[in-house]
file model-v4.tsv (TSV, C-alpha atoms and all ligand atoms)
chain	number	residue	atom	x	y	z
S	1	MET	CA	-28.71	1.37	-0.48
S	2	ALA	CA	-26.27	3.16	1.83
S	3	ARG	CA	-28.33	5.20	4.27
S	4	ASN	CA	-27.41	8.92	4.23
S	5	ASN	CA	-24.73	7.97	1.69
S	6	THR	CA	-22.73	6.55	4.60
S	7	ILE	CA	-21.04	3.16	4.97
S	8	THR	CA	-19.68	1.90	8.30
S	9	LEU	CA	-16.04	0.75	8.28
S	10	TYR	CA	-14.38	-1.24	11.06
S	11	ASP	CA	-10.91	0.25	11.22
S	12	LEU	CA	-7.64	-1.24	12.47
S	13	GLN	CA	-5.79	1.54	14.21
S	14	LEU	CA	-2.60	2.39	16.04
S	15	ALA	CA	-2.60	4.35	19.32
S	16	SER	CA	-2.49	7.63	17.33
S	17	GLY	CA	-5.79	6.69	15.68
S	18	CYS	CA	-4.22	6.27	12.27
S	19	THR	CA	-5.03	3.19	10.22
S	20	ILE	CA	-2.28	0.57	10.05
S	21	SER	CA	-3.73	-2.21	7.89
S	22	PRO	CA	-3.04	-1.92	4.14
S	23	PHE	CA	-6.31	-3.76	3.54
S	24	VAL	CA	-8.24	-1.15	5.51
S	25	TRP	CA	-6.40	1.66	3.72
S	26	ALA	CA	-7.38	0.24	0.32
S	27	THR	CA	-10.97	-0.02	1.53
S	28	LYS	CA	-11.08	3.58	2.76
S	29	TYR	CA	-9.96	4.76	-0.68
S	30	ALA	CA	-12.43	2.42	-2.41
S	31	LEU	CA	-15.33	3.83	-0.38
S	32	LYS	CA	-14.30	7.40	-1.17
S	33	HIS	CA	-13.84	6.55	-4.87
S	34	LYS	CA	-17.44	5.36	-4.89
S	35	GLY	CA	-18.46	8.68	-3.30
S	36	PHE	CA	-19.46	7.43	0.15
S	37	ASP	CA	-19.01	9.03	3.54
S	38	ILE	CA	-17.35	6.70	6.00
S	39	GLU	CA	-18.47	6.10	9.55
S	40	ILE	CA	-15.44	4.67	11.34
S	41	VAL	CA	-15.69	2.10	14.11
S	42	PRO	CA	-12.35	2.60	15.86
S	43	GLY	CA	-10.20	-0.08	17.45
S	44	GLY	CA	-6.97	-2.02	17.38
S	45	PHE	CA	-5.89	-5.65	17.06
S	46	THR	CA	-7.55	-7.11	20.13
S	47	GLY	CA	-11.29	-7.55	20.32
S	48	ILE	CA	-12.01	-7.60	16.57
S	49	LEU	CA	-14.27	-10.63	16.92
S	50	GLU	CA	-16.24	-8.98	19.72
S	51	ARG	CA	-16.47	-5.62	17.90
S	52	THR	CA	-17.88	-7.30	14.82
S	53	GLY	CA	-20.43	-9.34	16.77
S	54	GLY	CA	-18.52	-12.61	16.19
S	55	ARG	CA	-18.44	-12.12	12.41
S	56	SER	CA	-14.73	-11.63	11.71
S	57	GLU	CA	-11.22	-11.98	13.15
S	58	ARG	CA	-9.77	-9.78	10.42
S	59	LEU	CA	-10.36	-6.25	9.21
S	60	PRO	CA	-11.62	-4.45	7.20
S	61	VAL	CA	-15.30	-5.18	7.56
S	62	ILE	CA	-18.02	-2.85	6.29
S	63	VAL	CA	-21.70	-2.55	7.05
S	64	ASP	CA	-23.87	-1.08	4.31
S	65	ASP	CA	-27.38	-0.41	5.58
S	66	GLY	CA	-27.35	-3.61	7.65
S	67	GLU	CA	-25.43	-5.73	5.10
S	68	TRP	CA	-22.09	-6.95	6.44
S	69	VAL	CA	-19.24	-7.46	3.96
S	70	LEU	CA	-15.88	-8.92	5.02
S	71	ASP	CA	-12.51	-8.80	3.22
S	72	SER	CA	-11.06	-5.81	1.35
S	73	TRP	CA	-11.12	-7.47	-2.07
S	74	LEU	CA	-14.69	-8.74	-1.66
S	75	ILE	CA	-15.71	-5.29	-0.43
S	76	ALA	CA	-14.34	-3.67	-3.62
S	77	GLU	CA	-16.19	-6.22	-5.77
S	78	TYR	CA	-19.34	-5.71	-3.72
S	79	LEU	CA	-19.16	-1.93	-4.18
S	80	ASP	CA	-18.83	-2.17	-7.96
S	81	LYS	CA	-21.63	-4.74	-8.19
S	82	LYS	CA	-24.02	-2.94	-5.87
S	83	TYR	CA	-23.29	0.57	-7.15
S	84	PRO	CA	-22.61	0.20	-10.91
S	85	ASP	CA	-23.69	3.79	-11.58
S	86	ARG	CA	-20.90	5.21	-9.46
S	87	PRO	CA	-17.25	5.40	-10.63
S	88	ALA	CA	-15.91	1.87	-11.19
S	89	LEU	CA	-13.07	0.50	-9.09
S	90	PHE	CA	-12.32	-2.31	-11.52
S	91	ASP	CA	-12.00	-2.01	-15.24
S	92	GLY	CA	-12.68	-5.61	-16.27
S	93	PRO	CA	-11.20	-9.01	-15.35
S	94	THR	CA	-7.71	-8.31	-16.71
S	95	MET	CA	-7.31	-5.47	-14.29
S	96	ARG	CA	-8.16	-7.78	-11.38
S	97	THR	CA	-5.41	-10.21	-12.39
S	98	LEU	CA	-2.79	-7.52	-13.00
S	99	THR	CA	-3.64	-5.69	-9.80
S	100	ARG	CA	-3.17	-8.90	-7.82
S	101	PHE	CA	0.16	-9.44	-9.51
S	102	LEU	CA	1.36	-5.89	-8.83
S	103	GLU	CA	0.24	-6.08	-5.24
S	104	SER	CA	1.92	-9.40	-4.53
S	105	TRP	CA	5.09	-8.09	-6.17
S	106	LEU	CA	4.97	-5.02	-3.91
S	107	TRP	CA	4.44	-7.21	-0.85
S	108	THR	CA	7.49	-9.28	-1.72
S	109	THR	CA	9.63	-6.34	-2.76
S	110	ALA	CA	8.63	-3.71	-0.20
S	111	ILE	CA	6.47	-4.94	2.66
S	112	ARG	CA	8.52	-8.04	3.39
S	113	PRO	CA	11.84	-6.22	3.95
S	114	TRP	CA	10.16	-3.19	5.57
S	115	PHE	CA	8.23	-5.44	7.95
S	116	GLY	CA	11.56	-6.69	9.27
S	117	CYS	CA	12.79	-3.10	9.66
S	118	TYR	CA	9.68	-1.57	11.22
S	119	ILE	CA	8.16	-4.40	13.26
S	120	LYS	CA	9.30	-2.86	16.55
S	121	ASP	CA	7.72	0.49	15.61
S	122	TYR	CA	4.59	-1.41	14.52
S	123	ARG	CA	4.34	-2.99	17.98
S	124	ASP	CA	5.38	0.11	19.95
S	125	LEU	CA	2.94	2.37	18.07
S	126	SER	CA	0.01	-0.03	18.53
S	127	LEU	CA	-2.56	0.56	21.26
S	128	PRO	CA	-1.18	-0.33	24.72
S	129	GLU	CA	-3.70	-3.18	25.06
S	130	ASP	CA	-2.42	-4.63	21.75
S	131	HIS	CA	1.28	-4.81	22.67
S	132	GLU	CA	1.19	-8.27	24.17
S	133	TYR	CA	-0.84	-9.78	21.29
S	134	VAL	CA	1.19	-8.06	18.56
S	135	THR	CA	4.47	-9.16	20.17
S	136	ARG	CA	3.34	-12.76	20.63
S	137	SER	CA	1.70	-13.21	17.22
S	138	ARG	CA	4.39	-11.41	15.19
S	139	GLU	CA	7.22	-13.25	16.97
S	140	ILE	CA	5.54	-16.54	16.05
S	141	MET	CA	5.11	-15.24	12.46
S	142	LEU	CA	8.76	-14.17	12.22
S	143	GLY	CA	10.23	-17.01	14.30
S	144	ARG	CA	12.36	-14.56	16.31
S	145	LYS	CA	12.15	-11.87	18.95
S	146	ILE	CA	11.06	-8.50	17.55
S	147	GLU	CA	14.15	-6.82	19.00
S	148	ASP	CA	16.38	-9.28	17.14
S	149	VAL	CA	14.53	-8.91	13.83
S	150	VAL	CA	15.17	-5.16	13.58
S	151	VAL	CA	18.92	-5.37	14.31
S	152	GLY	CA	20.90	-4.00	11.33
S	153	ARG	CA	17.93	-2.26	9.71
S	154	GLU	CA	20.14	0.74	8.83
S	155	ASP	CA	22.10	-1.63	6.57
S	156	ARG	CA	18.97	-3.18	5.03
S	157	LEU	CA	16.82	-0.08	4.41
S	158	PRO	CA	19.06	1.32	1.60
S	159	LEU	CA	18.77	-1.98	-0.28
S	160	VAL	CA	15.00	-1.62	-0.83
S	161	PRO	CA	14.58	1.57	-2.97
S	162	PRO	CA	16.54	0.26	-6.01
S	163	THR	CA	14.31	-2.83	-6.13
S	164	LEU	CA	11.26	-0.61	-6.71
S	165	GLU	CA	12.58	0.55	-10.11
S	166	PRO	CA	10.05	-1.43	-12.24
S	167	PHE	CA	7.25	0.29	-10.33
S	168	ARG	CA	8.86	3.71	-10.90
S	169	GLN	CA	9.11	2.97	-14.62
S	170	LEU	CA	5.39	2.22	-14.73
S	171	LEU	CA	4.58	5.56	-13.14
S	172	ARG	CA	6.94	7.47	-15.42
S	173	GLU	CA	4.52	6.71	-18.23
S	174	SER	CA	1.22	7.31	-16.56
S	175	LYS	CA	-0.16	9.80	-14.05
S	176	TRP	CA	-1.99	7.03	-12.20
S	177	LEU	CA	-2.00	3.27	-12.65
S	178	GLY	CA	-5.60	3.86	-13.70
S	179	GLY	CA	-4.50	6.36	-16.41
S	180	ASP	CA	-5.76	9.93	-16.04
S	181	ALA	CA	-7.57	9.09	-12.81
S	182	PRO	CA	-6.81	6.65	-9.97
S	183	ASN	CA	-8.55	3.31	-9.76
S	184	TYR	CA	-8.40	0.29	-7.45
S	185	ALA	CA	-4.91	-0.65	-8.68
S	186	ASP	CA	-3.65	2.71	-7.39
S	187	TYR	CA	-5.38	2.20	-4.07
S	188	ARG	CA	-3.97	-1.31	-3.53
S	189	ALA	CA	-0.48	-0.04	-4.35
S	190	LEU	CA	-0.87	3.15	-2.31
S	191	ALA	CA	-2.01	1.03	0.63
S	192	ILE	CA	1.44	-0.59	0.79
S	193	PHE	CA	3.02	2.83	1.30
S	194	LEU	CA	0.27	4.04	3.64
S	195	TRP	CA	0.98	1.02	5.84
S	196	THR	CA	4.66	1.91	5.72
S	197	ALA	CA	4.01	5.56	6.62
S	198	SER	CA	1.94	4.45	9.61
S	199	VAL	CA	4.90	2.60	11.16
S	200	ALA	CA	8.12	4.04	9.66
S	201	THR	CA	9.78	6.10	12.38
S	202	THR	CA	12.79	6.40	10.07
S	203	PRO	CA	12.16	7.03	6.36
S	204	PRO	CA	12.37	4.19	3.81
S	205	LEU	CA	12.80	6.33	0.65
S	206	THR	CA	15.21	9.11	-0.30
S	207	ALA	CA	13.95	12.69	-0.52
S	208	ALA	CA	14.33	12.81	-4.31
S	209	ASP	CA	12.61	9.50	-5.05
S	210	PRO	CA	10.57	9.87	-8.27
S	211	LEU	CA	7.76	7.86	-6.61
S	212	ARG	CA	7.18	10.90	-4.42
S	213	ASP	CA	4.95	12.64	-6.96
S	214	TRP	CA	2.49	9.73	-7.23
S	215	LEU	CA	2.68	9.07	-3.49
S	216	ASP	CA	2.01	12.69	-2.53
S	217	ARG	CA	-0.90	12.92	-4.96
S	218	GLY	CA	-2.25	9.63	-3.65
S	219	PHE	CA	-2.00	10.61	0.02
S	220	ASP	CA	-3.71	13.93	-0.82
S	221	LEU	CA	-6.71	12.32	-2.55
S	222	TYR	CA	-10.16	12.77	-1.03
S	223	GLY	CA	-9.27	15.72	1.17
S	224	GLY	CA	-5.96	14.27	2.35
S	225	LEU	CA	-7.28	10.83	3.27
S	226	GLY	CA	-3.70	9.57	3.75
S	227	ARG	CA	-2.55	12.54	5.82
S	228	HIS	CA	-3.39	11.51	9.37
S	229	PRO	CA	-1.17	13.30	11.93
S	230	GLY	CA	-0.02	9.92	13.24
S	231	MET	CA	1.66	9.12	9.89
S	232	HIS	CA	5.41	9.45	9.34
S	233	THR	CA	7.17	10.85	6.31
S	234	LEU	CA	8.35	8.29	3.78
S	235	PHE	CA	11.10	10.55	2.48
S	236	GLY	CA	14.53	11.39	3.86
S	237	LEU	CA	16.43	8.10	3.90
S	238	LYS	CA	20.11	9.05	4.25
S	239	LEU	CA	22.50	6.98	2.17
S	240	ARG	CA	26.01	6.10	3.27
S	241	PRO	CA	29.08	5.50	1.14
S	242	GLY	CA	28.74	2.13	-0.54
S	243	ASP	CA	24.92	2.08	-0.51
S	244	PRO	CA	23.39	1.34	-3.93
S	245	GLU	CA	21.90	4.10	-6.10
S	246	PRO	CA	18.29	4.39	-4.88
S	247	PHE	CA	16.74	4.91	-8.33
S	248	ASP	CA	17.66	5.33	-12.00
S	249	GLU	CA	18.10	8.94	-13.09
S	250	ALA	CA	17.85	8.18	-16.82
S	251	PRO	CA	14.71	6.83	-18.43
S	252	PRO	CA	15.00	3.21	-19.55
S	253	GLN	CA	16.09	2.58	-23.15
S	254	GLY	CA	15.27	0.00	-25.80
S	255	GLY	CA	13.56	-3.36	-25.33
S	256	LEU	CA	10.62	-2.96	-22.99
S	257	ALA	CA	10.79	0.82	-22.95
S	258	SER	CA	10.54	1.72	-26.63
S	259	ARG	CA	8.15	1.00	-29.48
S	260	ASN	CA	9.47	-0.45	-32.71
S	261	THR	CA	7.96	1.68	-35.45
S	262	GLY	CA	10.56	0.70	-38.08
S	263	PRO	CA	14.39	0.77	-38.45
S	264	GLN	CA	14.54	4.51	-37.73
S	265	SER	CA	13.22	3.92	-34.25
S	266	THR	CA	15.77	1.21	-33.39
S	267	ARG	CA	18.83	2.57	-35.23
S	268	ALA	CA	20.46	4.27	-32.24
S	269	GLU	CA	20.02	1.14	-30.15
S	270	THR	CA	21.38	-1.06	-32.92
S	271	GLU	CA	24.44	1.16	-33.25
S	272	ARG	CA	24.97	1.07	-29.49
S	273	ILE	CA	24.77	-2.71	-29.20
S	274	THR	CA	26.85	-3.45	-32.31
S	275	ARG	CA	29.62	-0.91	-31.66
S	276	PRO	CA	32.80	-2.87	-30.95
S	277	GLY	CA	34.59	-2.35	-27.63
S	301	LIG	N1	-7.96	-11.01	3.07
S	301	LIG	C1	-8.21	-10.02	4.08
S	301	LIG	C2	-6.99	-9.82	4.96
S	301	LIG	C3	-7.29	-8.89	6.12
S	301	LIG	C4	-6.18	-8.94	7.18
S	301	LIG	O1	-5.35	-9.87	7.21
S	301	LIG	N2	-6.20	-7.95	8.05
S	301	LIG	C5	-5.23	-7.92	9.13
S	301	LIG	C6	-4.59	-6.55	9.24
S	301	LIG	S1	-3.45	-6.21	7.96
S	301	LIG	C7	-5.93	-8.16	10.45
S	301	LIG	O2	-7.11	-7.94	10.59
S	301	LIG	N3	-5.18	-8.62	11.44
S	301	LIG	C8	-5.68	-8.89	12.73
S	301	LIG	C9	-4.68	-9.64	13.54
S	301	LIG	O3	-3.51	-9.63	13.18
S	301	LIG	O4	-5.10	-10.18	14.54
S	301	LIG	C10	-8.65	-8.71	3.41
S	301	LIG	O5	-8.24	-8.49	2.24
S	301	LIG	O6	-9.41	-7.96	3.99

call {"tool": "encode", "arguments": {"input": "model-v4.tsv", "output": "structure tokens"}}
result
Amino acid sequence: MARNNTITLYDLQLASGCTISPFVWATKYALKHKGFDIEIVPGGFTGILERTGGRSERLPVIVDDGEWVLDSWLIAEYLDKKYPDRPALFDGPTMRTLTRFLESWLWTTAIRPWFGCYIKDYRDLSLPEDHEYVTRSREIMLGRKIEDVVVGREDRLPLVPPTLEPFRQLLRESKWLGGDAPNYADYRALAIFLWTASVATTPPLTAADPLRDWLDRGFDLYGGLGRHPGMHTLFGLKLRPGDPEPFDEAPPQGGLASRNTGPQSTRAETERITRPG
């Protein structure tokens, strides 16, 4: 049982002290959701193995009254199993599967292109002792020099917001992914944007993006958990002539977006799709 209601979390931080890792962000929110206080062990990319007494090369890691748990997903499962009387992170096995799908879609759609736009900020904002390791490891990962990867990002950044439309549609219908209250699906998705805010020295989303409401509420949770002074604003991307529309103004119609409750409910759509010319 967590002593003094406190769980120790090994953080992965930038020089400003703000968390960079999306996995650590999701874990911070999970611990707060379960009602714990967090004792942070600070640090950056180098020396993780030493800091964790040889137990892990990756973060997050938690220690709960002497019990070490590695891996953000396993930590969330551990917390629900060990503390079933506290608010649940997961709402059954289906939620696990769908959360993994949503997260991997967000990694492909958002993190992958943003990584290529913000990797230089990511390296430059890291702790001075991490620069060499981050440069070397990320250049191997990307197969190119960091400086070359970010060239042309002003042309690529405007292409990302329109691709997030399916996620916006989801949040048009529901206050949180978890319904009336956030759950682990919200935290995994928020973590993508918290990572982005930790490194984005130029904003990735337009000021009027409808995702802003969910994002602001998410960053404000638990006394402003996502509001570290080292974070950057996500909003304010300036579009240039020829850039695509960043989001749909009108709600989606028909098909996926409406419920068939009889001919009355589909008549307008039928007229629209059968009208000649
Ligand atoms: N499956 C792990 C992944 C953790 C992970 O990859 N963490 C990265 C940060 S995003 C890390 O520790 N990186 C250290 C490094 O790059 O050396 C989890 O969910 O916790």

call {"tool": "atom_distance", "arguments": {"input": "model-v4.tsv", "atom1": "atom CA of S:Leu215", "atom2": "atom CA of S:Leu190"}}
result
7.0 Å

call {"tool": "residues_near_ligand", "arguments": {"input": "model-v4.tsv", "ligand": "ligand LIG 301 (chain S)", "cutoff": "6 Å", "atoms": "only C-alpha atoms and all ligand atoms", "output": "ChimeraX atom specification"}}
result
/S:21-23,45,58-60,71-73

call {"tool": "residues_around", "arguments": {"input": "model-v4.tsv", "residues": "stretch 170-176 of chain S", "least_positions_apart": "4", "cutoff": "8 Å", "atoms": "all atoms listed in the file", "output": "VMD selection string"}}
result
chain S and resid 166 180 to 183 186 211 214

call {"tool": "write_last_selection", "arguments": {"input": "model-v4.tsv", "atoms": "C-alpha atoms", "output": "mmCIF file, in the coordinates of the input"}}
result
data_model
loop_
_atom_site.group_PDB
_atom_site.id
_atom_site.type_symbol
_atom_site.label_atom_id
_atom_site.label_comp_id
_atom_site.auth_asym_id
_atom_site.auth_seq_id
_atom_site.Cartn_x
_atom_site.Cartn_y
_atom_site.Cartn_z
ATOM 1 C CA PRO S 166 10.050 -1.430 -12.240
ATOM 2 C CA ASP S 180 -5.760 9.930 -16.040
ATOM 3 C CA ALA S 181 -7.570 9.090 -12.810
ATOM 4 C CA PRO S 182 -6.810 6.650 -9.970
ATOM 5 C CA ASN S 183 -8.550 3.310 -9.760
ATOM 6 C CA ASP S 186 -3.650 2.710 -7.390
ATOM 7 C CA LEU S 211 7.760 7.860 -6.610
ATOM 8 C CA TRP S 214 2.490 9.730 -7.230
#

call {"tool": "residues_around", "arguments": {"input": "model-v4.tsv", "residues": "stretch 143-160 of chain S", "least_positions_apart": "6", "cutoff": "7 Å", "atoms": "all atoms listed in the file", "output": "ChimeraX atom specification"}}
result
/S:110,116-120,204,239,243-244

call {"tool": "atom_distance", "arguments": {"input": "model-v4.tsv", "atom1": "atom CA of S:Leu14", "atom2": "atom CA of S:Pro210"}}
result
28.6 Å

call {"tool": "residues_around", "arguments": {"input": "model-v4.tsv", "residues": "S:Ile273", "least_positions_apart": "6", "cutoff": "12 Å", "atoms": "all atoms listed in the file", "output": "count of residues only"}}
result
5

call {"tool": "residues_around", "arguments": {"input": "model-v4.tsv", "residues": "S:Cys18", "least_positions_apart": "6", "cutoff": "7 Å", "atoms": "all atoms listed in the file", "output": "PyMOL selection string"}}
result
chain S and resi 198+228+230-231

call {"tool": "write_last_selection", "arguments": {"input": "model-v4.tsv", "atoms": "C-alpha atoms", "output": "compact mmCIF listing (two decimals), keeping the file's coordinate frame"}}
result
# COMPACT_ATOMS: atom_id res chain seq x y z
CA SER S 198 1.94 4.45 9.61
CA HIS S 228 -3.39 11.51 9.37
CA GLY S 230 -0.02 9.92 13.24
CA MET S 231 1.66 9.12 9.89

call {"tool": "atom_distance", "arguments": {"input": "model-v4.tsv", "atom1": "atom CA of S:Asp65", "atom2": "atom CA of S:Met1"}}
result
6.5 Å

call {"tool": "closest_residue", "arguments": {"input": "model-v4.tsv", "among": "S:Tyr10, S:Tyr29, S:Phe90, S:Phe193", "to": "S:Glu57", "atoms": "only C-alpha atoms"}}
result
S:Tyr10

call {"tool": "axis_aligned_box", "arguments": {"input": "model-v4.tsv", "around": "stretch 69-86 of chain S", "padding_each_side": "5 Å", "output": "JSON"}}
result
{"center_x": -17.5, "center_y": -1.9, "center_z": -3.3, "size_x": 23.0, "size_y": 24.1, "size_z": 26.6}

call {"tool": "decode", "arguments": {"input": "model-v4.tsv", "residues": "stretch 134-152 of chain S", "atoms": "N, CA, C and O atoms", "output": "CSV table (one decimal), in the first residue's frame"}}
result
chain,number,residue,atom,x,y,z
S,134,VAL,N,21.1,12.4,-27.4
S,134,VAL,CA,19.8,12.6,-28.2
S,134,VAL,C,20.2,12.7,-29.7
S,134,VAL,O,19.5,12.1,-30.5
S,135,THR,N,21.2,13.5,-30.0
S,135,THR,CA,21.6,13.7,-31.4
S,135,THR,C,22.0,12.4,-32.0
S,135,THR,O,21.4,12.0,-33.1
S,136,ARG,N,22.9,11.7,-31.3
S,136,ARG,CA,23.4,10.4,-31.9
S,136,ARG,C,22.2,9.4,-32.1
S,136,ARG,O,22.0,8.9,-33.2
S,137,SER,N,21.4,9.2,-31.0
S,137,SER,CA,20.4,8.1,-31.1
S,137,SER,C,19.3,8.5,-32.1
S,137,SER,O,18.8,7.7,-32.9
S,138,ARG,N,18.9,9.8,-32.1
S,138,ARG,CA,17.8,10.2,-33.0
S,138,ARG,C,18.2,10.3,-34.4
S,138,ARG,O,17.4,10.0,-35.3
S,139,GLU,N,19.5,10.6,-34.6
S,139,GLU,CA,20.0,10.6,-36.0
S,139,GLU,C,20.0,9.2,-36.6
S,139,GLU,O,19.7,8.9,-37.8
S,140,ILE,N,20.4,8.2,-35.7
S,140,ILE,CA,20.3,6.8,-36.2
S,140,ILE,C,18.9,6.4,-36.4
S,140,ILE,O,18.5,5.8,-37.5
S,141,MET,N,18.0,6.8,-35.5
S,141,MET,CA,16.5,6.5,-35.7
S,141,MET,C,16.0,7.0,-37.0
S,141,MET,O,15.3,6.4,-37.7
S,142,LEU,N,16.4,8.3,-37.3
S,142,LEU,CA,15.8,9.0,-38.4
S,142,LEU,C,16.6,8.8,-39.7
S,142,LEU,O,16.1,9.1,-40.8
S,143,GLY,N,17.8,8.3,-39.6
S,143,GLY,CA,18.7,8.0,-40.7
S,143,GLY,C,19.2,9.3,-41.4
S,143,GLY,O,19.7,9.2,-42.5
S,144,ARG,N,19.1,10.4,-40.7
S,144,ARG,CA,19.6,11.7,-41.3
S,144,ARG,C,20.0,12.6,-40.2
S,144,ARG,O,19.7,12.4,-39.0
S,145,LYS,N,20.7,13.7,-40.5
S,145,LYS,CA,21.1,14.7,-39.5
S,145,LYS,C,19.9,15.4,-39.1
S,145,LYS,O,19.0,15.7,-39.9
S,146,ILE,N,19.8,15.7,-37.8
S,146,ILE,CA,18.6,16.5,-37.2
S,146,ILE,C,18.4,17.8,-38.0
S,146,ILE,O,17.2,18.1,-38.3
S,147,GLU,N,19.4,18.5,-38.3
S,147,GLU,CA,19.3,19.8,-39.0
S,147,GLU,C,18.6,19.6,-40.4
S,147,GLU,O,17.9,20.4,-40.9
S,148,ASP,N,18.9,18.4,-41.0
S,148,ASP,CA,18.3,18.2,-42.3
S,148,ASP,C,16.8,17.7,-42.2
S,148,ASP,O,16.0,18.1,-43.1
S,149,VAL,N,16.5,17.0,-41.1
S,149,VAL,CA,15.2,16.5,-41.0
S,149,VAL,C,14.2,17.6,-40.8
S,149,VAL,O,13.0,17.6,-41.4
S,150,VAL,N,14.6,18.7,-40.1
S,150,VAL,CA,13.6,19.8,-39.9
S,150,VAL,C,13.4,20.8,-41.1
S,150,VAL,O,12.5,21.6,-41.0
S,151,VAL,N,14.3,20.7,-42.1
S,151,VAL,CA,14.2,21.6,-43.2
S,151,VAL,C,12.8,21.5,-43.8
S,151,VAL,O,12.3,20.4,-44.1
S,152,GLY,N,12.1,22.6,-44.1
S,152,GLY,CA,10.8,22.7,-44.7
S,152,GLY,C,9.7,22.4,-43.8
S,152,GLY,O,8.5,22.2,-44.2
